[in-house]
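Next comes final-v8.tsv, a file with TSV, C-alpha atoms.
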```tsv
chain	number	residue	atom	x	y	z
A	1	MET	CA	52.01	122.47	-230.97
A	2	PRO	CA	50.79	125.20	-228.63
A	3	PRO	CA	48.66	124.58	-225.54
A	4	HIS	CA	47.07	127.96	-226.14
A	5	ALA	CA	46.74	130.60	-228.83
A	6	SER	CA	47.38	134.29	-228.70
A	7	PRO	CA	44.24	136.06	-227.45
A	8	ASP	CA	44.98	139.06	-229.66
A	9	LEU	CA	42.39	139.64	-232.34
A	10	PRO	CA	43.42	142.82	-234.18
A	11	PRO	CA	40.67	144.82	-235.92
A	12	GLU	CA	41.89	143.93	-239.40
A	13	ALA	CA	41.51	140.22	-238.57
A	14	THR	CA	38.11	140.25	-236.91
A	15	SER	CA	35.85	137.30	-237.58
A	16	PRO	CA	33.37	138.00	-240.39
A	17	ARG	CA	29.77	136.83	-240.50
A	18	LEU	CA	29.22	134.31	-243.32
A	19	HIS	CA	26.04	133.88	-245.32
A	20	LEU	CA	25.49	131.38	-248.13
A	21	ARG	CA	22.41	131.88	-250.27
A	22	GLN	CA	21.33	128.99	-252.49
A	23	LEU	CA	25.00	128.29	-253.17
A	24	SER	CA	25.80	125.52	-255.65
A	25	LYS	CA	28.97	124.23	-257.24
A	26	TYR	CA	29.15	122.01	-260.32
A	27	PHE	CA	32.07	120.18	-261.89
A	28	GLY	CA	30.67	119.27	-265.28
A	29	ARG	CA	27.58	117.19	-264.50
A	30	PHE	CA	28.72	116.44	-260.96
A	31	VAL	CA	26.92	118.46	-258.29
A	32	ALA	CA	29.42	119.07	-255.49
A	33	LEU	CA	27.21	121.53	-253.55
A	34	ASP	CA	23.48	121.80	-254.03
A	35	ARG	CA	21.65	125.02	-253.07
A	36	LEU	CA	23.18	125.53	-249.64
A	37	ASP	CA	21.56	128.09	-247.34
A	38	LEU	CA	23.74	128.70	-244.30
A	39	GLU	CA	24.75	131.42	-241.86
A	40	VAL	CA	27.76	131.31	-239.55
A	41	GLN	CA	28.06	133.96	-236.87
A	42	PRO	CA	31.40	135.33	-235.62
A	43	GLY	CA	32.94	133.20	-232.91
A	44	GLU	CA	31.36	129.86	-233.81
A	45	LEU	CA	33.32	126.62	-233.98
A	46	VAL	CA	31.66	124.61	-236.74
A	47	VAL	CA	32.53	121.03	-237.64
A	48	VAL	CA	31.54	119.88	-241.14
A	49	LEU	CA	30.99	116.14	-241.45
A	50	GLY	CA	30.02	113.87	-244.31
A	51	PRO	CA	31.15	110.88	-246.34
A	52	ASN	CA	33.76	111.19	-249.08
A	53	GLY	CA	32.34	113.19	-251.96
A	54	ALA	CA	29.76	114.96	-249.81
A	55	GLY	CA	31.17	118.41	-250.64
A	56	LYS	CA	33.21	119.24	-247.53
A	57	THR	CA	36.41	120.21	-249.34
A	58	THR	CA	34.54	122.17	-251.99
A	59	LEU	CA	32.67	124.13	-249.35
A	60	LEU	CA	35.85	125.05	-247.49
A	61	ARG	CA	37.67	126.07	-250.67
A	62	ILE	CA	34.80	128.35	-251.62
A	63	LEU	CA	34.77	129.90	-248.15
A	64	ALA	CA	38.54	130.42	-248.48
A	65	LEU	CA	37.95	132.27	-251.78
A	66	LEU	CA	39.94	129.66	-253.71
A	67	GLN	CA	36.95	128.62	-255.84
A	68	GLN	CA	33.92	130.42	-257.16
A	69	PRO	CA	30.40	129.03	-256.72
A	70	SER	CA	28.56	128.07	-259.89
A	71	GLU	CA	25.30	129.56	-258.64
A	72	GLY	CA	24.07	131.43	-255.59
A	73	GLU	CA	26.00	133.83	-253.44
A	74	LEU	CA	28.58	133.94	-250.65
A	75	LEU	CA	28.61	137.02	-248.42
A	76	PHE	CA	31.01	138.14	-245.71
A	77	ASP	CA	29.49	140.77	-243.40
A	78	ASP	CA	26.75	141.26	-246.01
A	79	GLN	CA	29.31	142.00	-248.74
A	80	PRO	CA	29.32	139.68	-251.78
A	81	ALA	CA	32.57	137.74	-251.95
A	82	ARG	CA	33.12	138.78	-255.56
A	83	ARG	CA	33.30	142.44	-254.51
A	84	LEU	CA	35.69	142.06	-251.60
A	85	PRO	CA	39.05	143.84	-251.83
A	86	PRO	CA	42.19	141.68	-252.01
A	87	ALA	CA	43.14	142.80	-248.49
A	88	PHE	CA	40.16	140.88	-247.13
A	89	ARG	CA	42.16	137.66	-247.46
A	90	GLN	CA	44.23	138.88	-244.51
A	91	ARG	CA	41.28	137.88	-242.33
A	92	LEU	CA	41.32	134.25	-243.54
A	93	GLY	CA	43.58	131.32	-242.72
A	94	PHE	CA	43.21	128.11	-244.74
A	95	VAL	CA	44.72	124.66	-244.49
A	96	GLY	CA	43.66	122.12	-247.10
A	97	HIS	CA	44.86	118.86	-248.54
A	98	GLU	CA	47.56	120.82	-250.37
A	99	THR	CA	50.05	122.45	-248.01
A	100	PHE	CA	50.86	125.44	-250.28
A	101	LEU	CA	54.48	125.03	-249.19
A	102	TYR	CA	57.58	125.12	-251.38
A	103	ASP	CA	59.40	121.80	-251.08
A	104	GLU	CA	62.86	123.14	-251.94
A	105	LEU	CA	62.72	125.88	-249.31
A	106	THR	CA	63.32	125.27	-245.64
A	107	VAL	CA	60.53	125.50	-243.09
A	108	GLU	CA	61.76	128.93	-241.97
A	109	GLU	CA	62.18	130.19	-245.54
A	110	ASN	CA	58.60	129.17	-246.34
A	111	LEU	CA	57.25	131.03	-243.33
A	112	ARG	CA	59.35	134.12	-244.05
A	113	PHE	CA	58.07	134.12	-247.62
A	114	TYR	CA	54.45	134.09	-246.45
A	115	ALA	CA	55.20	136.69	-243.78
A	116	ARG	CA	56.38	139.00	-246.58
A	117	LEU	CA	53.24	138.28	-248.59
A	118	TYR	CA	51.16	139.34	-245.59
A	119	ALA	CA	53.42	142.37	-245.03
A	120	LEU	CA	53.72	141.45	-241.37
A	121	ASP	CA	55.44	143.81	-238.97
A	122	ALA	CA	58.33	142.21	-237.09
A	123	ALA	CA	58.14	139.28	-239.49
A	124	ALA	CA	61.22	137.48	-238.16
A	125	GLN	CA	59.84	137.62	-234.64
A	126	ARG	CA	56.46	136.32	-235.75
A	127	VAL	CA	58.05	133.45	-237.67
A	128	GLY	CA	59.98	132.51	-234.55
A	129	GLU	CA	56.79	132.57	-232.52
A	130	VAL	CA	54.86	130.20	-234.79
A	131	LEU	CA	57.84	127.87	-235.09
A	132	GLY	CA	57.66	127.51	-231.32
A	133	GLU	CA	53.88	127.37	-231.10
A	134	MET	CA	53.69	124.55	-233.62
A	135	ASP	CA	56.68	122.76	-232.06
A	136	ILE	CA	58.65	122.76	-235.31
A	137	ALA	CA	61.56	125.04	-234.32
A	138	PRO	CA	64.04	122.10	-234.34
A	139	ARG	CA	63.24	121.58	-238.04
A	140	ALA	CA	63.35	125.27	-239.03
A	141	ARG	CA	66.32	124.74	-241.37
A	142	SER	CA	65.08	121.48	-242.88
A	143	PRO	CA	63.83	121.53	-246.47
A	144	VAL	CA	60.11	120.88	-246.54
A	145	ARG	CA	60.65	117.98	-248.94
A	146	SER	CA	62.50	116.11	-246.17
A	147	LEU	CA	59.61	116.27	-243.70
A	148	SER	CA	57.07	113.60	-242.86
A	149	ARG	CA	53.41	114.16	-243.76
A	150	GLY	CA	52.62	115.05	-240.16
A	151	LEU	CA	55.41	117.64	-239.93
A	152	LYS	CA	54.36	119.19	-243.24
A	153	GLN	CA	50.86	119.52	-241.84
A	154	ARG	CA	52.20	121.36	-238.82
A	155	VAL	CA	54.14	123.74	-241.07
A	156	ALA	CA	50.96	124.32	-243.09
A	157	LEU	CA	49.13	125.16	-239.87
A	158	ALA	CA	51.94	127.57	-238.96
A	159	ARG	CA	51.61	129.21	-242.38
A	160	ALA	CA	47.86	129.69	-241.90
A	161	TRP	CA	48.36	131.09	-238.39
A	162	LEU	CA	51.18	133.54	-239.19
A	163	HIS	CA	48.91	136.57	-239.65
A	164	ARG	CA	46.53	135.65	-236.78
A	165	PRO	CA	43.41	135.45	-238.97
A	166	GLY	CA	39.94	135.95	-237.58
A	167	LEU	CA	38.49	133.04	-239.60
A	168	LEU	CA	40.27	129.68	-239.69
A	169	LEU	CA	39.17	127.23	-242.41
A	170	LEU	CA	40.67	123.78	-241.98
A	171	ASP	CA	40.07	120.75	-244.18
A	172	GLU	CA	40.71	117.66	-242.04
A	173	PRO	CA	43.59	119.36	-240.20
A	174	SER	CA	44.59	116.32	-238.15
A	175	THR	CA	45.60	114.37	-241.28
A	176	GLY	CA	49.04	112.84	-240.81
A	177	LEU	CA	49.38	113.81	-237.16
A	178	ASP	CA	50.19	111.26	-234.48
A	179	PRO	CA	47.83	111.02	-231.46
A	180	PRO	CA	49.75	113.45	-229.20
A	181	ALA	CA	49.98	116.02	-232.00
A	182	ARG	CA	46.27	115.58	-232.76
A	183	ALA	CA	45.41	116.24	-229.12
A	184	ARG	CA	47.59	119.37	-229.10
A	185	LEU	CA	45.98	120.52	-232.36
A	186	PHE	CA	42.50	120.40	-230.89
A	187	ASP	CA	43.68	122.13	-227.72
A	188	TRP	CA	45.06	124.88	-229.94
A	189	LEU	CA	41.83	125.15	-231.94
A	190	ALA	CA	39.83	125.41	-228.72
A	191	ALA	CA	42.08	128.26	-227.60
A	192	CYS	CA	41.69	130.00	-230.98
A	193	HIS	CA	37.94	129.75	-230.55
A	194	ARG	CA	38.07	131.08	-227.00
A	195	SER	CA	40.00	134.10	-228.28
A	196	GLY	CA	36.98	135.08	-230.38
A	197	ARG	CA	37.93	133.58	-233.72
A	198	THR	CA	35.60	131.65	-235.97
A	199	VAL	CA	36.79	128.12	-236.76
A	200	ILE	CA	35.24	125.97	-239.50
A	201	LEU	CA	36.79	122.56	-239.98
A	202	SER	CA	35.94	119.37	-241.77
A	203	SER	CA	36.48	116.03	-240.12
A	204	HIS	CA	35.91	112.34	-240.69
A	205	ASP	CA	36.03	111.61	-236.95
A	206	PRO	CA	33.12	113.09	-234.97
A	207	ALA	CA	34.37	111.63	-231.67
A	208	GLU	CA	37.59	113.62	-232.08
A	209	SER	CA	36.20	116.91	-233.35
A	210	LEU	CA	32.69	117.36	-231.93
A	211	PRO	CA	33.62	117.82	-228.24
A	212	LEU	CA	34.91	121.29	-229.22
A	213	ALA	CA	32.11	122.27	-231.54
A	214	THR	CA	29.33	124.78	-231.02
A	215	ARG	CA	27.64	123.48	-234.17
A	216	ALA	CA	27.78	120.46	-236.47
A	217	LEU	CA	26.88	120.34	-240.14
A	218	LEU	CA	26.34	117.09	-242.04
A	219	LEU	CA	26.66	117.19	-245.81
A	220	GLU	CA	25.20	114.41	-247.95
A	221	ARG	CA	25.64	114.56	-251.74
A	222	GLY	CA	26.25	118.28	-251.57
A	223	ARG	CA	23.17	119.05	-249.52
A	224	LEU	CA	22.92	120.18	-245.93
A	225	ALA	CA	21.34	117.18	-244.25
A	226	LEU	CA	21.77	118.25	-240.61
A	227	ASP	CA	22.56	121.51	-238.85
A	228	LEU	CA	22.75	120.85	-235.12
A	229	PRO	CA	23.65	123.01	-232.13
A	230	ASP	CA	25.38	121.60	-229.05
A	231	PRO	CA	27.08	118.69	-230.88
A	232	PRO	CA	28.79	117.21	-227.79
A	233	ALA	CA	25.38	116.36	-226.35
A	234	ARG	CA	24.27	114.72	-229.61
A	235	LEU	CA	27.39	112.76	-230.49
A	236	LYS	CA	25.69	109.35	-230.73
A	237	GLU	CA	22.90	110.76	-232.92
A	238	ILE	CA	25.41	112.37	-235.26
A	239	GLU	CA	27.64	109.28	-235.40
A	240	ALA	CA	24.63	107.11	-236.29
A	241	ARG	CA	23.56	109.46	-239.06
A	242	LEU	CA	27.08	109.69	-240.42
A	243	GLN	CA	27.46	105.92	-240.41
A	244	ALA	CA	24.18	105.59	-242.32
A	245	ALA	CA	25.41	108.10	-244.90
A	246	ASN	CA	28.69	106.23	-245.55
```
Please express the file's structure as structure tokens.
Amino acid sequence: MPPHASPDLPPEATSPRLHLRQLSKYFGRFVALDRLDLEVQPGELVVVLGPNGAGKTTLLRILALLQQPSEGELLFDDQPARRLPPAFRQRLGFVGHETFLYDELTVEENLRFYARLYALDAAAQRVGEVLGEMDIAPRARSPVRSLSRGLKQRVALARAWLHRPGLLLLDEPSTGLDPPARARLFDWLAACHRSGRTVILSSHDPAESLPLATRALLLERGRLALDLPDPPARLKEIEARLQAAN
């Protein structure tokens, strides 16, 4: 995986400002998110923490426009999400628990398919670049079904990075990665952030993720329990609160 990210941030991929207004999400009687009020400014690196079932995945899927809130509103640059044109998705990159990869296709075929979906110029060149950046070029011709969980995660990260989005939304992105790959992942995320992108990621390991963060959010039962600036300086406080919530 890359020690640095491309500094290019083309106008069509600029980082949007996010605003959640009393946003809630229900699954039957289960309240996944409960009246969240939140703003995220362009260029922040936000780590979302919380125990299992706290609402982290639901929040990220809503921000990625993969789910609709049950109540409240999500705005990007003051525009309601429901009114955004389809082309707006070009500004987003999402990695979740599902890889969104096709198992019967090779790594390279998957990336070329998504490059076509994004109508990328010089698609073959860009695919070659991300294969190298994510250190998966040696497996370019391997079917995805033959890969380990960690390698699939790296291909999913490559897929999300193909179009150089301005907003990266990552749900526990280090899942399945070995320690060296995890370290390279966080180096890469730090470089993405330095290039001006907004990064919002969920994590179960504050010691791993918070040293990079400009802000930490703690969700408990779908509610925003903590919203703290300068997380590296407050690591012990956050770890204690997270342990109490588990």
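Restricting the calculation to all atoms listed in the file, the smallest distance between Thr106 (chain A) and any of A:Leu60, A:Pro69, A:Asp135, A:Val155 is found for A:Val155.
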Give me the residues near Ala87 (chain A) as number ranges by chain, where near means some atom within 10 Å (using all atoms listed in the file) and where sequence neighbours in that chain fewer than 3 positions away do not count. A: 12, 84, 90-91, 118
Report as a tab-separated table the residues of region 28-134 of chain A within 7 Å of region 20-23 of chain A, each with its shortest atom pair and distance in Å (one decimal), using all atoms listed in the file, ordered by chain and increasing residue number.
```
residue	atom	partner	partner_atom	distance
A:Asp34	CA	A:Leu23	CA	6.7
A:Arg35	CA	A:Gln22	CA	4.0
A:Leu36	CA	A:Leu23	CA	4.8
A:Asp37	CA	A:Arg21	CA	4.9
A:Leu38	CA	A:Leu20	CA	5.0
A:Glu39	CA	A:Leu20	CA	6.3
A:Pro69	CA	A:Leu23	CA	6.5
A:Glu71	CA	A:Leu23	CA	5.6
A:Gly72	CA	A:Leu23	CA	4.1
A:Glu73	CA	A:Arg21	CA	5.2
A:Leu74	CA	A:Leu20	CA	4.7
A:Leu75	CA	A:Leu20	CA	6.5
```
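The residue that comes closest to Trp161 (chain A), out of A:Leu33, A:Ala191, A:Val95, A:Val107 and on the basis of all atoms listed in the file, is A:Val95.
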Hey, can you check how far CA of Arg234 (chain A) sits from CA of Leu49 (chain A)? 13.7 Å
Which residues of region 150-224 of chain A come within 10 Å of region 110-117 of chain A, and what is each one's closest atom pair and distance in Å (one decimal), counting all atoms listed in the file, sorted by chain and residue number, as a Markdown table?
```
| residue | atom | partner | partner_atom | distance |
| --- | --- | --- | --- | --- |
| A:Val155 | CA | A:Leu111 | CA | 8.2 |
| A:Ala156 | CA | A:Leu111 | CA | 9.2 |
| A:Ala158 | CA | A:Leu111 | CA | 7.7 |
| A:Arg159 | CA | A:Leu111 | CA | 6.0 |
| A:Ala160 | CA | A:Tyr114 | CA | 9.1 |
| A:Leu162 | CA | A:Ala115 | CA | 6.9 |
| A:His163 | CA | A:Ala115 | CA | 7.5 |
```
d(CA of Pro206 (chain A), CA of Leu235 (chain A)) in Å: 7.3 Å
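Atom pair CA of Gly96 (chain A) / CA of Arg241 (chain A) has a distance of 25.1 Å (rounded to one decimal).
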Exercise: residues within 12 Å of coordinate (53.8, 119.2, -238.7), counting all atoms listed in the file, as a PyMOL selection string: chain A and resi 1+99+107+130-140+144+146-159+173-178+180-182+184-185
Nearest-residue call for Glu108 (chain A), choices A:Pro165, A:Pro229, A:Gly53, A:Gly128, using all atoms listed in the file: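 Smallest distance to Glu108 (chain A) is found for A:Gly128.
The residue that comes closest to Leu242 (chain A), out of A:Val48, A:Gln67, A:Arg126, A:Ser195 and on the basis of only C-alpha atoms, is A:Val48.
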